[in-house]
Amino acid sequence: MKTIRYFFVIATLILYGISLHAQQRGLATYYAKRVHGAKTSSGERLNNNDLICAHRTHPFGTLLRVKNVENGKEVVVRVIDRGPYAKNRIIDLSWQAAKELGILNKGVANVIITVEEKRNENGKGTSQSSKLLSGIDPKEFDSIINGKRTALYTIRNKNGMEVCITNFGGRIVSLTVPDRNGKMTDVALGYDNITQYADTVNSPSDYGATVGRYANRIKDGKVTICGQEYQLPRNNFGHCLHGGNNGWMYQIWDAEQPDETTLTLRLTSPDGDNNFPGRVRAKATYTVMENNTLDCLFEAETNKETIINMTNHTYFNLNGDPSKEATDMILYINADYWTPTDPTYMTTGEIKAVKGTPMDFTVPHDINNFIDDTTFDQIRWAGGYDHNWCLNTFSHEKAKGDDTQVAASLYSPKTGIFLEMFTNEPGVQVYTGNFQGTGITCKHGIKYPKHVSVCLESQKYPDSPNKINWPSPYLKPGEKYKSHLAYRFSVK
């Protein structure tokens, strides 16, 4: 008995020493605790280990560094509220985070965890709104929609470039970069609260969205897969646009932030989601690189053949004043061909040369050169540009794009901000905000006018499932979908 008693005394002293050392470093140390019946943010159980570490001290949204002191492994996670335990704050571990900590297959009661609040140079937690260059208040995104928590996540690099993303629709809410004078400028349009993003009646939008299951349009909402015809939602002039009215840009994604530069979003789309076949596990990873590039990687897998076409739908205004039209921005598109549409914005199946038409941006020029040219039916029908260009960076023989070459660029002579786009996809949809000017109040109380922005959306060509000679959007079980998009910012 004395031996056992001495063992417990020694063990207690060891744990006390670990705890004291952690406290001296600003860490909270304790045994991992079980929360009965809880799941990870990705909906999976931790092999009966369940969710770990309930505590009350950290505010919602705080970034924490969680370390397993037994093996030295650590991850960065966020504090959330969880179900009946909302009186406490719960560290939300995804399956991947639990795996990285090395706790998936061992008794959770035997794991010692240290937690440290990640702080900025001013000593304030990363959830503090005063740290956001865009002026966005993260508290305005703290909500529960369809039973799932929404939040605002901030990623940044050492140069000060800052990107704010909400897990509602995987939307880029703000994107702040320096202009030629060093002034930090938010170049992305959107709202400054979750209420407007979620209100599809009074403030419908695709601002900054991670789009899926199929970006752009599918004719009549019909697609044939493995000999079976599927009727998809017809939410835009009789066609299926961006996966339907309840597409991925209106879903709550599971978010994980491994460090200050990266945000990973995950979504499981069930078989029959908006009548698309196959259960799809999708992932979108946004990373702010040290060269002021926002890198976007879209990945997906399916258990049944389906179609996938993911993209990001950020509306860019590089002029620094979204209260005014931005048609003086200079656009370049590395494409000799484009795909014409009919008056319902549906591709006709033709591929035409841009030379000698208002669609030629192979030499950079102001958008306003032809945006009001109503003698050109494509401009007249769309009220500006809303078309797909066939990128020269894509090899049809190799079915692969070269994402080291510039696919398109946008430049503001007013601020000097220069945006270059890269992608491995065959096409880019250029949209000039033709449906803006609705009178809806957006970020910072501004009502955006028509033609205030430009979208550069990487993609398969619109309606590719019904155009057999166009790059294929089909994904089969065992295959991995991977689409790369990057926006690099500089000044000149």
# chains A, B, ... in the order shown; residues from 1 in each chain; ligands from 1
$ residues_around --residues "Ile144 in chain A" --least-positions-apart "5" --cutoff "10 Å" --atoms "only C-alpha atoms" --output "list of chain:residue names"
A:Arg149, A:Thr150, A:Ala151, A:Ile194, A:Ile252
$ residues_around --residues "Asn424 in chain A" --least-positions-apart "3" --cutoff "10 Å" --atoms "only C-alpha atoms" --output "PDB file with N, CA, C and O atoms, in the first residue's frame"
ATOM      1  N   LEU A 391      -8.969  29.146 -71.790  1.00  0.00           N
ATOM      2  CA  LEU A 391      -7.633  29.615 -71.438  1.00  0.00           C
ATOM      3  C   LEU A 391      -6.526  28.967 -72.273  1.00  0.00           C
ATOM      4  O   LEU A 391      -6.534  27.741 -72.511  1.00  0.00           O
ATOM      5  N   THR A 393      -3.687  28.595 -71.213  1.00  0.00           N
ATOM      6  CA  THR A 393      -2.838  27.880 -70.250  1.00  0.00           C
ATOM      7  C   THR A 393      -3.228  26.421 -70.098  1.00  0.00           C
ATOM      8  O   THR A 393      -2.555  25.674 -69.388  1.00  0.00           O
ATOM      9  N   PHE A 394      -4.310  26.019 -70.744  1.00  0.00           N
ATOM     10  CA  PHE A 394      -4.809  24.637 -70.613  1.00  0.00           C
ATOM     11  C   PHE A 394      -4.466  23.838 -71.857  1.00  0.00           C
ATOM     12  O   PHE A 394      -4.705  24.272 -72.987  1.00  0.00           O
ATOM     13  N   SER A 395      -3.901  22.633 -71.658  1.00  0.00           N
ATOM     14  CA  SER A 395      -3.588  21.726 -72.769  1.00  0.00           C
ATOM     15  C   SER A 395      -4.690  20.685 -72.884  1.00  0.00           C
ATOM     16  O   SER A 395      -4.879  19.866 -71.968  1.00  0.00           O
ATOM     17  N   ALA A 399      -5.080  17.265 -71.063  1.00  0.00           N
ATOM     18  CA  ALA A 399      -6.197  17.485 -70.129  1.00  0.00           C
ATOM     19  C   ALA A 399      -5.692  18.073 -68.821  1.00  0.00           C
ATOM     20  O   ALA A 399      -6.102  17.674 -67.722  1.00  0.00           O
ATOM     21  N   LYS A 400      -4.807  19.056 -68.959  1.00  0.00           N
ATOM     22  CA  LYS A 400      -4.169  19.631 -67.784  1.00  0.00           C
ATOM     23  C   LYS A 400      -3.835  21.089 -68.038  1.00  0.00           C
ATOM     24  O   LYS A 400      -3.411  21.458 -69.134  1.00  0.00           O
ATOM     25  N   GLY A 401      -4.029  21.900 -67.013  1.00  0.00           N
ATOM     26  CA  GLY A 401      -3.694  23.307 -67.121  1.00  0.00           C
ATOM     27  C   GLY A 401      -2.371  23.621 -66.454  1.00  0.00           C
ATOM     28  O   GLY A 401      -1.967  22.951 -65.497  1.00  0.00           O
ATOM     29  N   ASP A 402      -1.705  24.656 -66.951  1.00  0.00           N
ATOM     30  CA  ASP A 402      -0.430  25.092 -66.380  1.00  0.00           C
ATOM     31  C   ASP A 402      -0.705  26.247 -65.424  1.00  0.00           C
ATOM     32  O   ASP A 402      -0.888  27.394 -65.848  1.00  0.00           O
ATOM     33  N   ASP A 403      -0.707  25.946 -64.133  1.00  0.00           N
ATOM     34  CA  ASP A 403      -1.039  26.973 -63.154  1.00  0.00           C
ATOM     35  C   ASP A 403       0.167  27.815 -62.742  1.00  0.00           C
ATOM     36  O   ASP A 403       0.122  28.541 -61.750  1.00  0.00           O
ATOM     37  N   THR A 404       1.252  27.727 -63.522  1.00  0.00           N
ATOM     38  CA  THR A 404       2.384  28.627 -63.306  1.00  0.00           C
ATOM     39  C   THR A 404       2.320  29.819 -64.259  1.00  0.00           C
ATOM     40  O   THR A 404       3.098  30.774 -64.106  1.00  0.00           O
ATOM     41  N   GLN A 405       1.427  29.746 -65.237  1.00  0.00           N
ATOM     42  CA  GLN A 405       1.254  30.839 -66.178  1.00  0.00           C
ATOM     43  C   GLN A 405       0.059  31.701 -65.769  1.00  0.00           C
ATOM     44  O   GLN A 405      -0.938  31.193 -65.243  1.00  0.00           O
ATOM     45  N   ALA A 407      -3.282  33.301 -66.060  1.00  0.00           N
ATOM     46  CA  ALA A 407      -4.493  33.036 -66.834  1.00  0.00           C
ATOM     47  C   ALA A 407      -5.262  34.323 -67.108  1.00  0.00           C
ATOM     48  O   ALA A 407      -5.877  34.480 -68.166  1.00  0.00           O
ATOM     49  N   GLY A 427     -11.053  26.929 -68.119  1.00  0.00           N
ATOM     50  CA  GLY A 427     -11.779  28.153 -68.405  1.00  0.00           C
ATOM     51  C   GLY A 427     -11.799  29.133 -67.261  1.00  0.00           C
ATOM     52  O   GLY A 427     -11.499  28.791 -66.107  1.00  0.00           O
ATOM     53  N   SER A 458     -12.352  30.394 -61.896  1.00  0.00           N
ATOM     54  CA  SER A 458     -11.792  29.237 -62.591  1.00  0.00           C
ATOM     55  C   SER A 458     -12.872  28.171 -62.714  1.00  0.00           C
ATOM     56  O   SER A 458     -13.706  28.020 -61.831  1.00  0.00           O
ATOM     57  N   GLN A 459     -12.842  27.391 -63.822  1.00  0.00           N
ATOM     58  CA  GLN A 459     -13.958  26.457 -64.033  1.00  0.00           C
ATOM     59  C   GLN A 459     -13.753  25.530 -65.225  1.00  0.00           C
ATOM     60  O   GLN A 459     -12.915  25.768 -66.088  1.00  0.00           O
ATOM     61  N   LYS A 482      -9.158  17.595 -58.097  1.00  0.00           N
ATOM     62  CA  LYS A 482      -8.276  18.615 -57.536  1.00  0.00           C
ATOM     63  C   LYS A 482      -8.238  19.800 -58.488  1.00  0.00           C
ATOM     64  O   LYS A 482      -7.782  19.699 -59.625  1.00  0.00           O
ATOM     65  N   SER A 483      -8.711  20.920 -57.997  1.00  0.00           N
ATOM     66  CA  SER A 483      -8.760  22.144 -58.788  1.00  0.00           C
ATOM     67  C   SER A 483      -7.980  23.226 -58.049  1.00  0.00           C
ATOM     68  O   SER A 483      -8.209  23.475 -56.865  1.00  0.00           O
ATOM     69  N   HIS A 484      -7.076  23.872 -58.757  1.00  0.00           N
ATOM     70  CA  HIS A 484      -6.211  24.875 -58.133  1.00  0.00           C
ATOM     71  C   HIS A 484      -6.501  26.264 -58.699  1.00  0.00           C
ATOM     72  O   HIS A 484      -6.615  26.449 -59.912  1.00  0.00           O
ATOM     73  N   LEU A 485      -6.607  27.217 -57.807  1.00  0.00           N
ATOM     74  CA  LEU A 485      -6.847  28.617 -58.167  1.00  0.00           C
ATOM     75  C   LEU A 485      -5.979  29.477 -57.259  1.00  0.00           C
ATOM     76  O   LEU A 485      -5.893  29.227 -56.054  1.00  0.00           O
ATOM     77  N   ALA A 486      -5.333  30.489 -57.817  1.00  0.00           N
ATOM     78  CA  ALA A 486      -4.509  31.373 -57.002  1.00  0.00           C
ATOM     79  C   ALA A 486      -4.671  32.808 -57.481  1.00  0.00           C
ATOM     80  O   ALA A 486      -4.713  33.079 -58.689  1.00  0.00           O
TER      81      ALA A 486
END
$ atom_distance --atom1 "CA of Trp470 in chain A" --atom2 "CA of Val363 in chain A"
25.8 Å
$ select_by_dssp --residues "range 128-287 of chain A" --states "strand (DSSP E)" --output "count of residues only"
64
$ select_by_dssp --residues "range 255-370 of chain A" --states "helix (DSSP H, G or I)" --output "PDB file with C-alpha atoms, in the first residue's frame"
ATOM      1  CA  ASP A 273     -28.136  16.485 -52.657  1.00  0.00           C
ATOM      2  CA  ASN A 274     -30.124  18.771 -54.997  1.00  0.00           C
ATOM      3  CA  ASN A 275     -30.597  15.526 -56.954  1.00  0.00           C
ATOM      4  CA  ILE A 367     -13.172  47.147 -69.229  1.00  0.00           C
ATOM      5  CA  ASN A 368     -15.251  50.160 -70.246  1.00  0.00           C
ATOM      6  CA  ASN A 369     -13.899  50.055 -73.812  1.00  0.00           C
TER       7      ASN A 369
END
$ residues_around --residues "Asp206 in chain A" --least-positions-apart "4" --cutoff "12 Å" --atoms "only C-alpha atoms" --output "PyMOL selection string"
chain A and resi 168-173+189-191+196-200+210-212+215-216+241-250+311-315+433+435-436+455+457
$ write_last_selection --atoms "N, CA and C atoms" --output "mmCIF file, in the first residue's frame"
data_model
loop_
_atom_site.group_PDB
_atom_site.id
_atom_site.type_symbol
_atom_site.label_atom_id
_atom_site.label_comp_id
_atom_site.auth_asym_id
_atom_site.auth_seq_id
_atom_site.Cartn_x
_atom_site.Cartn_y
_atom_site.Cartn_z
ATOM 1 N N PHE A 168 -19.919 29.887 -43.457
ATOM 2 C CA PHE A 168 -21.201 29.855 -44.161
ATOM 3 C C PHE A 168 -20.921 30.010 -45.653
ATOM 4 N N GLY A 169 -21.013 28.898 -46.371
ATOM 5 C CA GLY A 169 -20.745 28.923 -47.804
ATOM 6 C C GLY A 169 -19.285 29.052 -48.168
ATOM 7 N N GLY A 170 -18.393 28.955 -47.155
ATOM 8 C CA GLY A 170 -16.973 29.109 -47.447
ATOM 9 C C GLY A 170 -16.675 30.425 -48.138
ATOM 10 N N ARG A 171 -17.262 31.516 -47.621
ATOM 11 C CA ARG A 171 -17.221 32.798 -48.324
ATOM 12 C C ARG A 171 -16.085 33.705 -47.847
ATOM 13 N N ILE A 172 -15.368 34.258 -48.812
ATOM 14 C CA ILE A 172 -14.385 35.292 -48.524
ATOM 15 C C ILE A 172 -15.144 36.587 -48.260
ATOM 16 N N VAL A 173 -15.072 37.069 -47.029
ATOM 17 C CA VAL A 173 -15.810 38.260 -46.612
ATOM 18 C C VAL A 173 -14.994 39.524 -46.880
ATOM 19 N N LEU A 189 -15.806 42.449 -52.291
ATOM 20 C CA LEU A 189 -17.130 42.939 -51.935
ATOM 21 C C LEU A 189 -17.866 41.912 -51.076
ATOM 22 N N GLY A 190 -18.891 42.377 -50.355
ATOM 23 C CA GLY A 190 -19.694 41.470 -49.549
ATOM 24 C C GLY A 190 -20.450 42.198 -48.464
ATOM 25 N N TYR A 191 -20.904 41.442 -47.483
ATOM 26 C CA TYR A 191 -21.624 41.977 -46.331
ATOM 27 C C TYR A 191 -20.728 41.912 -45.097
ATOM 28 N N GLN A 196 -27.173 38.930 -43.379
ATOM 29 C CA GLN A 196 -27.420 39.238 -44.785
ATOM 30 C C GLN A 196 -26.965 38.108 -45.705
ATOM 31 N N TYR A 197 -25.844 37.463 -45.361
ATOM 32 C CA TYR A 197 -25.408 36.339 -46.190
ATOM 33 C C TYR A 197 -26.451 35.220 -46.187
ATOM 34 N N ALA A 198 -27.073 34.995 -45.050
ATOM 35 C CA ALA A 198 -28.013 33.884 -44.908
ATOM 36 C C ALA A 198 -29.416 34.223 -45.408
ATOM 37 N N ASP A 199 -29.714 35.512 -45.614
ATOM 38 C CA ASP A 199 -31.040 35.946 -46.042
ATOM 39 C C ASP A 199 -31.116 35.907 -47.569
ATOM 40 N N THR A 200 -31.582 34.793 -48.105
ATOM 41 C CA THR A 200 -31.617 34.607 -49.554
ATOM 42 C C THR A 200 -32.806 35.307 -50.207
ATOM 43 N N THR A 210 -17.524 29.720 -51.903
ATOM 44 C CA THR A 210 -16.959 28.476 -52.417
ATOM 45 C C THR A 210 -18.111 27.738 -53.086
ATOM 46 N N VAL A 211 -18.068 27.650 -54.399
ATOM 47 C CA VAL A 211 -19.225 27.192 -55.178
ATOM 48 C C VAL A 211 -19.102 25.710 -55.522
ATOM 49 N N GLY A 212 -20.210 24.990 -55.405
ATOM 50 C CA GLY A 212 -20.293 23.583 -55.773
ATOM 51 C C GLY A 212 -21.744 23.129 -55.642
ATOM 52 N N ALA A 215 -20.275 24.603 -60.348
ATOM 53 C CA ALA A 215 -20.270 26.044 -60.599
ATOM 54 C C ALA A 215 -20.743 26.337 -62.015
ATOM 55 N N ASN A 216 -21.377 27.483 -62.174
ATOM 56 C CA ASN A 216 -21.938 27.952 -63.430
ATOM 57 C C ASN A 216 -23.181 27.133 -63.818
ATOM 58 N N LEU A 241 -27.934 26.774 -61.858
ATOM 59 C CA LEU A 241 -26.800 27.666 -61.650
ATOM 60 C C LEU A 241 -26.160 27.410 -60.290
ATOM 61 N N HIS A 242 -24.871 27.193 -60.272
ATOM 62 C CA HIS A 242 -24.086 27.038 -59.040
ATOM 63 C C HIS A 242 -24.656 25.961 -58.111
ATOM 64 N N GLY A 243 -25.177 24.899 -58.694
ATOM 65 C CA GLY A 243 -25.643 23.766 -57.897
ATOM 66 C C GLY A 243 -27.041 23.904 -57.342
ATOM 67 N N GLY A 244 -27.739 25.008 -57.686
ATOM 68 C CA GLY A 244 -29.118 25.192 -57.218
ATOM 69 C C GLY A 244 -29.190 26.204 -56.081
ATOM 70 N N ASN A 245 -30.418 26.563 -55.721
ATOM 71 C CA ASN A 245 -30.636 27.572 -54.676
ATOM 72 C C ASN A 245 -30.118 27.146 -53.308
ATOM 73 N N ASN A 246 -29.918 25.848 -53.132
ATOM 74 C CA ASN A 246 -29.404 25.350 -51.861
ATOM 75 C C ASN A 246 -28.049 24.688 -52.062
ATOM 76 N N GLY A 247 -27.245 25.297 -52.961
ATOM 77 C CA GLY A 247 -25.929 24.748 -53.260
ATOM 78 C C GLY A 247 -24.957 24.920 -52.115
ATOM 79 N N TRP A 248 -23.714 24.556 -52.356
ATOM 80 C CA TRP A 248 -22.717 24.539 -51.287
ATOM 81 C C TRP A 248 -22.425 25.929 -50.729
ATOM 82 N N MET A 249 -22.712 26.976 -51.490
ATOM 83 C CA MET A 249 -22.435 28.323 -50.980
ATOM 84 C C MET A 249 -23.452 28.754 -49.932
ATOM 85 N N TYR A 250 -24.456 27.910 -49.668
ATOM 86 C CA TYR A 250 -25.417 28.179 -48.595
ATOM 87 C C TYR A 250 -25.325 27.146 -47.476
ATOM 88 N N THR A 311 -15.311 26.344 -57.526
ATOM 89 C CA THR A 311 -14.592 27.587 -57.759
ATOM 90 C C THR A 311 -14.823 28.527 -56.593
ATOM 91 N N ASN A 312 -14.190 29.690 -56.665
ATOM 92 C CA ASN A 312 -14.484 30.765 -55.721
ATOM 93 C C ASN A 312 -15.083 31.943 -56.483
ATOM 94 N N HIS A 313 -16.024 32.628 -55.829
ATOM 95 C CA HIS A 313 -16.812 33.661 -56.508
ATOM 96 C C HIS A 313 -16.616 35.035 -55.862
ATOM 97 N N THR A 314 -15.356 35.404 -55.620
ATOM 98 C CA THR A 314 -15.087 36.718 -55.043
ATOM 99 C C THR A 314 -15.282 37.815 -56.090
ATOM 100 N N TYR A 315 -15.923 38.896 -55.650
ATOM 101 C CA TYR A 315 -16.119 40.087 -56.479
ATOM 102 C C TYR A 315 -14.996 41.069 -56.141
ATOM 103 N N GLY A 433 -20.287 42.244 -62.666
ATOM 104 C CA GLY A 433 -21.259 42.800 -61.729
ATOM 105 C C GLY A 433 -22.456 43.444 -62.401
ATOM 106 N N PHE A 435 -25.503 42.571 -62.440
ATOM 107 C CA PHE A 435 -26.741 42.545 -61.654
ATOM 108 C C PHE A 435 -26.598 43.284 -60.325
ATOM 109 N N GLN A 436 -25.479 43.992 -60.164
ATOM 110 C CA GLN A 436 -25.354 44.827 -58.979
ATOM 111 C C GLN A 436 -26.088 46.151 -59.221
ATOM 112 N N CYS A 455 -15.422 39.461 -61.301
ATOM 113 C CA CYS A 455 -15.171 38.108 -60.807
ATOM 114 C C CYS A 455 -14.295 37.374 -61.809
ATOM 115 N N GLU A 457 -13.514 33.582 -62.169
ATOM 116 C CA GLU A 457 -13.884 32.273 -61.635
ATOM 117 C C GLU A 457 -13.264 31.149 -62.481
#
$ residues_around --residues "Ile440 in chain A" --least-positions-apart "5" --cutoff "10 Å" --atoms "only C-alpha atoms" --output "PyMOL selection string"
chain A and resi 191+196+202-204+445-449
$ write_last_selection --atoms "C-alpha atoms" --output "PDB file, in the first residue's frame"
ATOM      1  CA  TYR A 191     -21.624  41.977 -46.331  1.00  0.00           C
ATOM      2  CA  GLN A 196     -27.420  39.238 -44.785  1.00  0.00           C
ATOM      3  CA  ASN A 202     -33.809  40.161 -49.079  1.00  0.00           C
ATOM      4  CA  SER A 203     -30.069  40.001 -49.785  1.00  0.00           C
ATOM      5  CA  PRO A 204     -29.349  37.051 -52.081  1.00  0.00           C
ATOM      6  CA  GLY A 445     -23.064  50.872 -45.314  1.00  0.00           C
ATOM      7  CA  ILE A 446     -22.185  51.112 -49.017  1.00  0.00           C
ATOM      8  CA  LYS A 447     -24.726  50.412 -51.745  1.00  0.00           C
ATOM      9  CA  TYR A 448     -22.806  48.955 -54.656  1.00  0.00           C
ATOM     10  CA  PRO A 449     -23.539  50.345 -58.133  1.00  0.00           C
TER      11      PRO A 449
END
$ closest_atom_pairs --of "range 447-476 of chain A" --to "range 339-352 of chain A" --cutoff "7 Å" --atoms "only C-alpha atoms" --output "tab-separated table"
residue	atom	partner	partner_atom	distance
A:Pro462	CA	A:Thr347	CA	6.5
A:Asp463	CA	A:Thr347	CA	6.9
A:Lys467	CA	A:Gly349	CA	6.7
$ write_last_selection --atoms "N, CA and C atoms" --output "short mmCIF file (atom, residue, chain, number, x, y, z; two decimals), in the first residue's frame"
data_model
loop_
_atom_site.label_atom_id
_atom_site.label_comp_id
_atom_site.auth_asym_id
_atom_site.auth_seq_id
_atom_site.Cartn_x
_atom_site.Cartn_y
_atom_site.Cartn_z
N PRO A 462 -19.03 26.14 -68.97
CA PRO A 462 -20.43 26.00 -68.58
C PRO A 462 -21.15 24.93 -69.41
N ASP A 463 -21.93 24.11 -68.74
CA ASP A 463 -22.70 23.03 -69.36
C ASP A 463 -21.80 21.96 -69.98
N LYS A 467 -21.78 18.75 -73.22
CA LYS A 467 -20.96 19.06 -74.39
C LYS A 467 -19.81 18.05 -74.40
#
$ residues_around --residues "Arg180 in chain A" --least-positions-apart "5" --cutoff "8 Å" --atoms "only C-alpha atoms" --output "ChimeraX atom specification"
/A:415-417,491-492
$ write_last_selection --atoms "N, CA, C and O atoms" --output "mmCIF file, in the first residue's frame"
data_model
loop_
_atom_site.group_PDB
_atom_site.id
_atom_site.type_symbol
_atom_site.label_atom_id
_atom_site.label_comp_id
_atom_site.auth_asym_id
_atom_site.auth_seq_id
_atom_site.Cartn_x
_atom_site.Cartn_y
_atom_site.Cartn_z
ATOM 1 N N THR A 415 -5.132 52.779 -57.594
ATOM 2 C CA THR A 415 -4.430 52.331 -56.384
ATOM 3 C C THR A 415 -3.115 51.634 -56.678
ATOM 4 O O THR A 415 -2.297 51.459 -55.778
ATOM 5 N N GLY A 416 -2.909 51.229 -57.929
ATOM 6 C CA GLY A 416 -1.722 50.477 -58.287
ATOM 7 C C GLY A 416 -1.802 49.010 -57.941
ATOM 8 O O GLY A 416 -0.849 48.251 -58.162
ATOM 9 N N ILE A 417 -2.927 48.566 -57.404
ATOM 10 C CA ILE A 417 -3.072 47.153 -57.029
ATOM 11 C C ILE A 417 -3.214 46.306 -58.285
ATOM 12 O O ILE A 417 -4.036 46.594 -59.167
ATOM 13 N N VAL A 491 1.854 45.522 -56.556
ATOM 14 C CA VAL A 491 1.532 46.897 -56.936
ATOM 15 C C VAL A 491 2.484 47.326 -58.058
ATOM 16 O O VAL A 491 3.591 46.794 -58.210
ATOM 17 N N LYS A 492 2.015 48.285 -58.817
ATOM 18 C CA LYS A 492 2.880 48.843 -59.870
ATOM 19 C C LYS A 492 2.427 50.270 -60.192
ATOM 20 O O LYS A 492 1.373 50.720 -59.722
#
$ residues_around --residues "Val354 in chain A" --least-positions-apart "5" --cutoff "8 Å" --atoms "only C-alpha atoms" --output "compact mmCIF listing (two decimals) with all heavy atoms, in the first residue's frame"
# COMPACT_ATOMS: atom_id res chain seq x y z
N ALA A 335 -6.47 34.21 -73.37
CA ALA A 335 -7.36 33.30 -74.10
C ALA A 335 -7.61 33.83 -75.51
O ALA A 335 -7.95 35.00 -75.69
CB ALA A 335 -8.69 33.15 -73.36
N ASP A 336 -7.45 32.95 -76.48
CA ASP A 336 -7.73 33.31 -77.88
C ASP A 336 -9.14 32.92 -78.29
O ASP A 336 -9.59 33.30 -79.38
CB ASP A 336 -6.73 32.60 -78.80
CG ASP A 336 -5.30 33.06 -78.58
OD1 ASP A 336 -5.11 34.27 -78.32
OD2 ASP A 336 -4.37 32.22 -78.66
N TYR A 337 -9.83 32.17 -77.43
CA TYR A 337 -11.18 31.71 -77.76
C TYR A 337 -12.11 31.87 -76.57
O TYR A 337 -11.68 31.95 -75.41
CB TYR A 337 -11.14 30.24 -78.21
CG TYR A 337 -10.36 30.01 -79.48
CD1 TYR A 337 -9.00 29.72 -79.43
CD2 TYR A 337 -10.98 30.11 -80.73
CE1 TYR A 337 -8.26 29.53 -80.60
CE2 TYR A 337 -10.26 29.92 -81.90
CZ TYR A 337 -8.90 29.64 -81.83
OH TYR A 337 -8.19 29.47 -82.99
N TRP A 338 -13.39 31.89 -76.87
CA TRP A 338 -14.41 32.03 -75.84
C TRP A 338 -15.64 31.24 -76.25
O TRP A 338 -15.75 30.76 -77.40
CB TRP A 338 -14.78 33.50 -75.61
CG TRP A 338 -15.40 34.17 -76.83
CD1 TRP A 338 -14.79 34.47 -78.02
CD2 TRP A 338 -16.75 34.59 -76.97
NE1 TRP A 338 -15.66 35.05 -78.89
CE2 TRP A 338 -16.88 35.15 -78.28
CE3 TRP A 338 -17.86 34.57 -76.14
CZ2 TRP A 338 -18.09 35.66 -78.76
CZ3 TRP A 338 -19.05 35.09 -76.62
CH2 TRP A 338 -19.16 35.64 -77.91
N MET A 359 -14.60 40.71 -77.09
CA MET A 359 -14.17 39.67 -76.17
C MET A 359 -12.65 39.51 -76.14
O MET A 359 -12.13 38.67 -75.41
CB MET A 359 -14.81 38.32 -76.55
CG MET A 359 -16.30 38.39 -76.85
SD MET A 359 -17.27 39.11 -75.51
CE MET A 359 -17.31 37.76 -74.35
N ASP A 360 -11.94 40.33 -76.89
CA ASP A 360 -10.49 40.21 -76.99
C ASP A 360 -9.81 41.02 -75.89
O ASP A 360 -9.77 42.26 -75.95
CB ASP A 360 -10.03 40.68 -78.37
CG ASP A 360 -8.56 40.36 -78.62
OD1 ASP A 360 -7.88 39.90 -77.67
OD2 ASP A 360 -8.08 40.57 -79.76
$ residues_around --residues "Val288 in chain A" --least-positions-apart "4" --cutoff "8 Å" --atoms "only C-alpha atoms" --output "count of residues only"
12
$ atom_distance --atom1 "CA of Lys139 in chain A" --atom2 "CA of Lys443 in chain A"
14.7 Å
$ atom_distance --atom1 "CA of Gln257 in chain A" --atom2 "CA of Ser134 in chain A"
19.6 Å
